[in-house]
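Asks: Here's a structure for you.
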Amino acid sequence: MNTYTETMPNELLRLQHMYNGQKAVPTFSAAEMRRRQDGLRAILAEHRLDAAILTSYHNVNYYADFMYCSFGRRFALVVTDKAATTVTPGIDAGQPWRRSFGENITYTDWRRDNFFHALQTLLPGAKRVGIEFDHVNLDLHRLLQEAFPAVTLVDVGQPTMWQRTVKSTEEIALIREGARTADLGGEAVRAAIREGVGEHEVALAGTQAMVRHIAKTFPHAELMDTWVWFQSGINTDGAHNPVTSRQVQKGDILSLNCFPMIAGYYTALERTLFLDHASEAHLRIWGVNCEVHRRGLEILRPGRRCGDIAAELNEIYRSHGLLGYRSFGYGHSFGVLSHYYGREAGVELREDVETVLRPGMVVSMEPMLSIPEGQPGAGGYREHDILVLTEDGAENITGFPFGPEHNIVRR
């Protein structure tokens, strides 16, 4: 197929169907995508909604298998009881249609309000429409109200989040492959660590290994967003500190962080390492963090409440006088997730989260301590594994070893 539904060019054209080329090989089966969209339609029926206008990266990707790049333009997925249509800007041409499960309509730049015109075209007569309150900002909310003055806008951000927290068999298979890719990236990072080598060079080795593996394993996938954060010395104090050109020195504490992205599904491997040797103070603190990590892996099971897991692990840190150096929660849900979009906030291993874990959830265990510069054992310590919750336990799908026995790198 290679047709536009309107004769081109036409400088007054507001909307187009840009069916350019053939549909791409999808990430998931048609049955899997129908399952997701039918789940959304069940949410619409429960809340007596005529449709949903989804605008977030994570929900557009989850329900349409299309990861957009906004670049200052608006995107949406409009779902009714009969259809699902991505709404995308003309600058992306036929790529959104090729990647979307469902229909696509393209809006041009000829008029400022063409995005909203597309939504109006897809939703004539709608009275109640779901939007994502956790993603729609005040400006977009105002513009939606102006475009649909007779429509009541209802939040579907929370119910869609809960649908995403329990993964299907196909999702778990993809996440499992992502974890394997992260392990390969970790091995490439470890092999690149040398005295005098810049953090950026070590990070590049891991990124290249993972991208090449994804390209080989998923030949029809778009290659985007896979990256490595490799930190050394004082740069390890934060979990999300960017890569720098700092050169690694013997005795440095190191943080390996590999993040492969496959079709919007993020996975992670995070490990503490040292080059050549570690001081006694560093070994003591590292050992405590590994103790917490091992216990977390044991108790991360279906039926456990997120807050109870955090409280139990807190006691280990407290017994060693280190609880005040814990910098964030102990883990979170995995799925459609990235550093710039999406997180299933209902599944966070924090004291204030009441969620009870269920089979089919995929959750990390990732304790971290951050000891300030100038104190014995200064630096950031972080271990990270991914677990798939089963009916009666959990499967750890991370294979890269952790702890001083494995991760003091000697050259």
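Letters A, B, ... mark the chains of the structure tokens in the order given; residue numbers begin at 1 per chain; ligand numbers begin at 1, in order shown.
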I'd like the neighbourhood of Thr152 of chain A as JSON, numbers by chain, where a residue qualifies if any of its atoms comes within 10 Å (using only C-alpha atoms), though same-chain residues fewer than 5 positions away should be ignored.
Replies: {"A": [49, 126, 127, 128, 129, 130, 145]}
Asks: Mind checking DSSP for segment 157-363 of chain A and telling me the strand (DSSP E or B) residues as number ranges by chain?
Replies: A: 198, 227-232, 247, 253-259, 261-262, 265-266, 269-275, 305, 326, 332-333, 336, 348, 356, 362-363
Asks: Could you dump the residues just selected with N, CA and C atoms as an mmCIF file, in the first residue's frame?
Replies:
```cif
data_model
loop_
_atom_site.group_PDB
_atom_site.id
_atom_site.type_symbol
_atom_site.label_atom_id
_atom_site.label_comp_id
_atom_site.auth_asym_id
_atom_site.auth_seq_id
_atom_site.Cartn_x
_atom_site.Cartn_y
_atom_site.Cartn_z
ATOM 1 N N GLY A 198 37.915 7.129 30.141
ATOM 2 C CA GLY A 198 36.811 8.004 30.499
ATOM 3 C C GLY A 198 35.504 7.249 30.679
ATOM 4 N N TRP A 227 20.630 2.981 26.380
ATOM 5 C CA TRP A 227 21.751 3.792 26.852
ATOM 6 C C TRP A 227 22.402 3.167 28.079
ATOM 7 N N VAL A 228 23.563 3.706 28.456
ATOM 8 C CA VAL A 228 24.314 3.295 29.643
ATOM 9 C C VAL A 228 24.666 4.532 30.445
ATOM 10 N N TRP A 229 24.464 4.456 31.749
ATOM 11 C CA TRP A 229 25.064 5.411 32.677
ATOM 12 C C TRP A 229 26.185 4.675 33.400
ATOM 13 N N PHE A 230 27.399 5.084 33.165
ATOM 14 C CA PHE A 230 28.538 4.525 33.893
ATOM 15 C C PHE A 230 29.175 5.655 34.682
ATOM 16 N N GLN A 231 29.194 5.509 35.993
ATOM 17 C CA GLN A 231 29.658 6.586 36.866
ATOM 18 C C GLN A 231 30.837 6.102 37.700
ATOM 19 N N SER A 232 31.697 7.028 38.089
ATOM 20 C CA SER A 232 32.878 6.683 38.883
ATOM 21 C C SER A 232 33.091 7.724 39.968
ATOM 22 N N GLN A 247 38.040 10.332 34.163
ATOM 23 C CA GLN A 247 38.821 9.120 33.935
ATOM 24 C C GLN A 247 38.828 8.243 35.187
ATOM 25 N N ILE A 253 35.172 3.687 43.332
ATOM 26 C CA ILE A 253 33.867 3.030 43.311
ATOM 27 C C ILE A 253 33.214 3.341 41.975
ATOM 28 N N LEU A 254 32.548 2.353 41.384
ATOM 29 C CA LEU A 254 31.971 2.475 40.053
ATOM 30 C C LEU A 254 30.512 2.033 40.070
ATOM 31 N N SER A 255 29.702 2.655 39.243
ATOM 32 C CA SER A 255 28.302 2.244 39.070
ATOM 33 C C SER A 255 28.062 1.886 37.619
ATOM 34 N N LEU A 256 27.672 0.652 37.394
ATOM 35 C CA LEU A 256 27.312 0.142 36.068
ATOM 36 C C LEU A 256 25.798 0.174 35.956
ATOM 37 N N ASN A 257 25.289 0.847 34.940
ATOM 38 C CA ASN A 257 23.840 0.976 34.742
ATOM 39 C C ASN A 257 23.525 0.785 33.265
ATOM 40 N N CYS A 258 22.994 -0.366 32.906
ATOM 41 C CA CYS A 258 22.677 -0.679 31.508
ATOM 42 C C CYS A 258 21.168 -0.670 31.312
ATOM 43 N N PHE A 259 20.703 0.060 30.298
ATOM 44 C CA PHE A 259 19.278 0.257 30.088
ATOM 45 C C PHE A 259 18.895 -0.017 28.633
ATOM 46 N N MET A 261 16.332 -0.659 25.611
ATOM 47 C CA MET A 261 14.934 -0.323 25.328
ATOM 48 C C MET A 261 14.505 -1.083 24.087
ATOM 49 N N ILE A 262 13.469 -1.885 24.235
ATOM 50 C CA ILE A 262 12.921 -2.639 23.109
ATOM 51 C C ILE A 262 11.445 -2.297 22.996
ATOM 52 N N TYR A 265 9.843 -0.833 25.984
ATOM 53 C CA TYR A 265 9.974 -1.613 27.211
ATOM 54 C C TYR A 265 11.409 -1.504 27.726
ATOM 55 N N TYR A 266 11.538 -0.822 28.840
ATOM 56 C CA TYR A 266 12.823 -0.587 29.475
ATOM 57 C C TYR A 266 13.141 -1.726 30.433
ATOM 58 N N LEU A 269 20.006 -3.175 34.376
ATOM 59 C CA LEU A 269 20.998 -3.869 35.186
ATOM 60 C C LEU A 269 21.826 -2.791 35.867
ATOM 61 N N GLU A 270 21.927 -2.854 37.193
ATOM 62 C CA GLU A 270 22.726 -1.881 37.931
ATOM 63 C C GLU A 270 23.602 -2.641 38.922
ATOM 64 N N ARG A 271 24.877 -2.298 38.945
ATOM 65 C CA ARG A 271 25.831 -2.986 39.799
ATOM 66 C C ARG A 271 26.874 -2.005 40.336
ATOM 67 N N THR A 272 27.313 -2.266 41.582
ATOM 68 C CA THR A 272 28.459 -1.593 42.168
ATOM 69 C C THR A 272 29.713 -2.379 41.816
ATOM 70 N N LEU A 273 30.767 -1.667 41.402
ATOM 71 C CA LEU A 273 32.066 -2.282 41.125
ATOM 72 C C LEU A 273 33.163 -1.401 41.700
ATOM 73 N N PHE A 274 34.349 -1.934 41.779
ATOM 74 C CA PHE A 274 35.550 -1.165 42.107
ATOM 75 C C PHE A 274 36.647 -1.556 41.125
ATOM 76 N N LEU A 275 37.524 -0.606 40.845
ATOM 77 C CA LEU A 275 38.681 -0.910 40.022
ATOM 78 C C LEU A 275 39.881 -1.208 40.908
ATOM 79 N N ARG A 305 2.848 -6.773 50.720
ATOM 80 C CA ARG A 305 2.503 -5.369 50.521
ATOM 81 C C ARG A 305 3.783 -4.572 50.307
ATOM 82 N N ARG A 326 20.044 5.914 52.891
ATOM 83 C CA ARG A 326 19.213 5.351 51.828
ATOM 84 C C ARG A 326 18.578 6.498 51.060
ATOM 85 N N HIS A 332 10.593 -0.928 41.717
ATOM 86 C CA HIS A 332 9.408 -0.428 41.028
ATOM 87 C C HIS A 332 9.000 -1.390 39.927
ATOM 88 N N SER A 333 7.826 -1.136 39.385
ATOM 89 C CA SER A 333 7.272 -1.957 38.311
ATOM 90 C C SER A 333 8.038 -1.733 37.010
ATOM 91 N N VAL A 336 6.257 -0.688 30.069
ATOM 92 C CA VAL A 336 6.454 0.503 29.241
ATOM 93 C C VAL A 336 6.950 1.602 30.174
ATOM 94 N N GLU A 348 5.416 0.704 43.674
ATOM 95 C CA GLU A 348 6.711 1.204 44.119
ATOM 96 C C GLU A 348 6.990 0.605 45.497
ATOM 97 N N VAL A 356 -0.682 -4.526 47.130
ATOM 98 C CA VAL A 356 -0.302 -5.915 47.375
ATOM 99 C C VAL A 356 0.163 -6.506 46.041
ATOM 100 N N VAL A 362 5.952 -7.406 37.290
ATOM 101 C CA VAL A 362 7.399 -7.483 37.115
ATOM 102 C C VAL A 362 7.995 -6.315 37.893
ATOM 103 N N VAL A 363 8.819 -6.635 38.886
ATOM 104 C CA VAL A 363 9.262 -5.636 39.858
ATOM 105 C C VAL A 363 10.762 -5.766 40.089
#
```
Asks: List every residue of segment 88-257 of chain A that DSSP, applied to the backbone of this structure, places in helix (DSSP H, G or I), and write the result as a ChimeraX atom specification.
Replies: /A:90-92,95-99,114-122,138-147,157-165,169-192,199-217,233-237
Asks: Need to verify the contact set: segment 276-289 of chain A, 7 Å, only C-alpha atoms, exclusion of same-chain residues closer than 2 positions in sequence. Can you return it as number ranges by chain?
Replies: A: 250-251, 274, 291-293, 367-368, 376-377, 381, 408-410
Asks: Would you export the selected residues with C-alpha atoms as a short mmCIF file (atom, residue, chain, number, x, y, z; two decimals), in the first residue's frame, please?
Replies:
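Result written to again.cif:
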```cif
data_model
loop_
_atom_site.label_atom_id
_atom_site.label_comp_id
_atom_site.auth_asym_id
_atom_site.auth_seq_id
_atom_site.Cartn_x
_atom_site.Cartn_y
_atom_site.Cartn_z
CA LYS A 250 42.38 2.55 40.76
CA GLY A 251 40.37 2.27 43.96
CA PHE A 274 35.55 -1.17 42.11
CA GLU A 291 22.75 -8.06 52.48
CA VAL A 292 19.71 -5.84 51.92
CA HIS A 293 19.62 -6.85 48.26
CA PRO A 367 18.59 -0.91 47.24
CA MET A 368 20.97 2.06 47.25
CA PRO A 376 34.84 6.60 55.04
CA GLY A 377 33.38 4.50 52.24
CA TYR A 381 26.19 1.68 46.17
CA ILE A 408 36.31 -5.88 41.95
CA VAL A 409 37.81 -5.44 38.49
CA ARG A 410 41.52 -6.20 38.34
#
```
Asks: Quick one: which segment 77-129 of chain A residues come within 6 Å of segment 17-31 of chain A, and what is the nearest atom pair for each with the distance in Å to one decimal, counting only C-alpha atoms, rows ordered by chain and ascending number, as a tab-separated table?
Replies:
```
residue	atom	partner	partner_atom	distance
A:Gly94	CA	A:Asn20	CA	4.9
A:Arg98	CA	A:Lys23	CA	4.2
A:Arg99	CA	A:Ala24	CA	5.7
A:Ile105	CA	A:His17	CA	5.2
A:Thr106	CA	A:His17	CA	6.0
```
Asks: Just the selected residues (N, CA, C and O atoms), exported as a PDB file, in the first residue's frame, please.
Replies:
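The file below, part.pdb, is the result:
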```pdb
ATOM      1  N   GLY A  94       4.386   8.661   7.008  1.00  0.00           N
ATOM      2  CA  GLY A  94       3.694   7.385   7.140  1.00  0.00           C
ATOM      3  C   GLY A  94       4.176   6.493   8.263  1.00  0.00           C
ATOM      4  O   GLY A  94       3.578   5.435   8.512  1.00  0.00           O
ATOM      5  N   ARG A  98       2.488   2.991   9.869  1.00  0.00           N
ATOM      6  CA  ARG A  98       3.159   1.696   9.732  1.00  0.00           C
ATOM      7  C   ARG A  98       3.340   1.015  11.086  1.00  0.00           C
ATOM      8  O   ARG A  98       3.294  -0.209  11.184  1.00  0.00           O
ATOM      9  N   ARG A  99       3.532   1.799  12.132  1.00  0.00           N
ATOM     10  CA  ARG A  99       3.840   1.237  13.452  1.00  0.00           C
ATOM     11  C   ARG A  99       2.613   1.063  14.344  1.00  0.00           C
ATOM     12  O   ARG A  99       2.695   0.359  15.355  1.00  0.00           O
ATOM     13  N   ILE A 105      -4.538   8.858  11.615  1.00  0.00           N
ATOM     14  CA  ILE A 105      -4.891  10.060  10.878  1.00  0.00           C
ATOM     15  C   ILE A 105      -3.817  11.103  11.138  1.00  0.00           C
ATOM     16  O   ILE A 105      -3.314  11.235  12.259  1.00  0.00           O
ATOM     17  N   THR A 106      -3.415  11.797  10.085  1.00  0.00           N
ATOM     18  CA  THR A 106      -2.331  12.776  10.155  1.00  0.00           C
ATOM     19  C   THR A 106      -2.915  14.181  10.047  1.00  0.00           C
ATOM     20  O   THR A 106      -3.787  14.432   9.218  1.00  0.00           O
TER      21      THR A 106
END
```
Asks: Pick from A:Gly178, A:Gly186, A:Gly39, A:Gly196: nearest to Gly264 of chain A, with only C-alpha atoms counted?
Replies: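 Comparing A:Gly178, A:Gly186, A:Gly39, A:Gly196 against Gly264 of chain A, the winner is A:Gly178.
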Asks: May I have the residues within 12 Å of Ala345 of chain A as a ChimeraX atom specification, using only C-alpha atoms and disregarding those fewer than 6 positions away in the same chain?
Replies: /A:134,157-162,164-165,306,329,331-335,337,352-355,363
Asks: For the selection just defined, write its residues with N, CA, C and O atoms to a file, as a tab-separated table (two decimals), in the first residue's frame.
Replies:
```tsv
chain	number	residue	atom	x	y	z
A	134	ASP	N	-2.77	12.62	34.83
A	134	ASP	CA	-1.36	12.64	35.24
A	134	ASP	C	-0.44	13.02	34.10
A	134	ASP	O	0.77	13.14	34.30
A	157	GLY	N	-6.15	7.98	33.66
A	157	GLY	CA	-4.74	7.72	33.90
A	157	GLY	C	-4.52	6.63	34.94
A	157	GLY	O	-3.68	5.74	34.75
A	158	GLN	N	-5.27	6.68	36.03
A	158	GLN	CA	-5.10	5.68	37.08
A	158	GLN	C	-5.57	4.29	36.66
A	158	GLN	O	-4.83	3.31	36.81
A	159	PRO	N	-6.78	4.12	36.12
A	159	PRO	CA	-7.19	2.77	35.73
A	159	PRO	C	-6.33	2.16	34.62
A	159	PRO	O	-6.10	0.95	34.61
A	160	THR	N	-5.83	2.98	33.70
A	160	THR	CA	-4.96	2.40	32.67
A	160	THR	C	-3.63	1.98	33.29
A	160	THR	O	-3.04	0.97	32.88
A	161	MET	N	-3.16	2.74	34.27
A	161	MET	CA	-1.94	2.34	34.96
A	161	MET	C	-2.10	0.98	35.62
A	161	MET	O	-1.23	0.11	35.51
A	162	TRP	N	-3.21	0.75	36.28
A	162	TRP	CA	-3.43	-0.54	36.95
A	162	TRP	C	-3.52	-1.67	35.92
A	162	TRP	O	-3.06	-2.79	36.18
A	164	ARG	N	-1.84	-1.84	33.19
A	164	ARG	CA	-0.48	-2.11	32.72
A	164	ARG	C	0.37	-2.85	33.74
A	164	ARG	O	1.38	-3.47	33.38
A	165	THR	N	0.01	-2.82	35.02
A	165	THR	CA	0.89	-3.39	36.05
A	165	THR	C	0.99	-4.90	35.97
A	165	THR	O	2.01	-5.48	36.38
A	306	CYS	N	3.75	-3.66	49.34
A	306	CYS	CA	4.95	-2.89	49.00
A	306	CYS	C	5.54	-2.20	50.22
A	306	CYS	O	6.76	-2.25	50.46
A	329	GLY	N	13.31	4.54	47.13
A	329	GLY	CA	12.63	3.28	47.42
A	329	GLY	C	13.42	2.08	46.95
A	329	GLY	O	14.49	2.20	46.34
A	331	GLY	N	12.47	-0.44	44.82
A	331	GLY	CA	12.19	-1.02	43.51
A	331	GLY	C	10.89	-0.50	42.93
A	331	GLY	O	10.15	0.26	43.57
A	332	HIS	N	10.59	-0.93	41.72
A	332	HIS	CA	9.41	-0.43	41.03
A	332	HIS	C	9.00	-1.39	39.93
A	332	HIS	O	9.73	-2.30	39.56
A	333	SER	N	7.83	-1.14	39.38
A	333	SER	CA	7.27	-1.96	38.31
A	333	SER	C	8.04	-1.73	37.01
A	333	SER	O	8.58	-0.66	36.77
A	334	PHE	N	8.07	-2.78	36.19
A	334	PHE	CA	8.68	-2.69	34.87
A	334	PHE	C	7.64	-2.94	33.79
A	334	PHE	O	6.65	-3.63	34.01
A	335	GLY	N	7.90	-2.40	32.61
A	335	GLY	CA	7.00	-2.54	31.47
A	335	GLY	C	7.29	-1.41	30.51
A	335	GLY	O	8.45	-1.18	30.15
A	337	LEU	N	8.22	1.93	30.05
A	337	LEU	CA	8.88	2.77	31.05
A	337	LEU	C	10.15	3.33	30.46
A	337	LEU	O	10.83	2.68	29.67
A	352	ASP	N	5.05	4.21	51.84
A	352	ASP	CA	3.72	4.79	51.74
A	352	ASP	C	2.85	4.13	50.68
A	352	ASP	O	1.75	4.61	50.39
A	353	VAL	N	3.30	3.01	50.11
A	353	VAL	CA	2.54	2.35	49.04
A	353	VAL	C	1.87	1.10	49.61
A	353	VAL	O	2.53	0.21	50.15
A	354	GLU	N	0.54	1.04	49.47
A	354	GLU	CA	-0.25	-0.04	50.07
A	354	GLU	C	-0.50	-1.21	49.13
A	354	GLU	O	-1.11	-2.20	49.53
A	355	THR	N	-0.04	-1.12	47.91
A	355	THR	CA	-0.33	-2.14	46.90
A	355	THR	C	0.17	-3.52	47.34
A	355	THR	O	1.30	-3.66	47.82
A	363	VAL	N	8.82	-6.64	38.89
A	363	VAL	CA	9.26	-5.64	39.86
A	363	VAL	C	10.76	-5.77	40.09
A	363	VAL	O	11.30	-6.87	40.10
```
Asks: Neighbouring residues of Arg36 of chain A were defined as those with any atom within 10 Å, considering only C-alpha atoms; residues of the same chain fewer than 2 positions away were excluded. Please report them as a PyMOL selection string.
Replies: chain A and resi 30-34+38-42+62-64+160+163-164+168
Asks: Selected residues, N, CA and C atoms, written as a short mmCIF file (atom, residue, chain, number, x, y, z; two decimals), in the first residue's frame, please.
Replies:
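The new file selection_0.cif reads:
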```
data_model
loop_
_atom_site.label_atom_id
_atom_site.label_comp_id
_atom_site.auth_asym_id
_atom_site.auth_seq_id
_atom_site.Cartn_x
_atom_site.Cartn_y
_atom_site.Cartn_z
N ALA A 30 -1.58 -9.74 17.21
CA ALA A 30 -2.86 -9.03 17.13
C ALA A 30 -3.74 -9.38 18.32
N ALA A 31 -3.71 -10.64 18.76
CA ALA A 31 -4.52 -11.06 19.92
C ALA A 31 -4.10 -10.31 21.16
N GLU A 32 -2.79 -10.11 21.34
CA GLU A 32 -2.30 -9.37 22.51
C GLU A 32 -2.75 -7.93 22.47
N MET A 33 -2.67 -7.29 21.30
CA MET A 33 -3.08 -5.89 21.20
C MET A 33 -4.58 -5.74 21.37
N ARG A 34 -5.35 -6.70 20.86
CA ARG A 34 -6.80 -6.64 21.08
C ARG A 34 -7.12 -6.80 22.57
N ASP A 38 -9.25 -4.07 24.40
CA ASP A 38 -10.51 -4.50 25.01
C ASP A 38 -10.51 -4.19 26.50
N GLY A 39 -9.33 -4.30 27.13
CA GLY A 39 -9.24 -3.91 28.53
C GLY A 39 -9.53 -2.44 28.73
N LEU A 40 -9.04 -1.61 27.81
CA LEU A 40 -9.33 -0.18 27.87
C LEU A 40 -10.82 0.07 27.65
N ARG A 41 -11.42 -0.67 26.72
CA ARG A 41 -12.85 -0.48 26.48
C ARG A 41 -13.68 -0.89 27.69
N ALA A 42 -13.19 -1.86 28.45
CA ALA A 42 -13.88 -2.21 29.69
C ALA A 42 -13.81 -1.06 30.69
N TYR A 62 1.51 1.47 24.76
CA TYR A 62 0.92 0.24 25.30
C TYR A 62 -0.29 -0.20 24.48
N TYR A 63 -1.13 0.74 24.09
CA TYR A 63 -2.37 0.39 23.41
C TYR A 63 -2.27 0.40 21.88
N ALA A 64 -1.19 0.96 21.33
CA ALA A 64 -1.07 1.04 19.87
C ALA A 64 0.25 0.50 19.33
N THR A 160 -5.83 2.98 33.70
CA THR A 160 -4.96 2.40 32.67
C THR A 160 -3.63 1.98 33.29
N GLN A 163 -4.10 -1.41 34.76
CA GLN A 163 -4.13 -2.45 33.73
C GLN A 163 -2.72 -2.82 33.30
N ARG A 164 -1.84 -1.84 33.19
CA ARG A 164 -0.48 -2.11 32.72
C ARG A 164 0.37 -2.85 33.74
N SER A 168 1.29 -9.56 30.42
CA SER A 168 0.88 -10.76 29.69
C SER A 168 2.09 -11.66 29.45
#
```
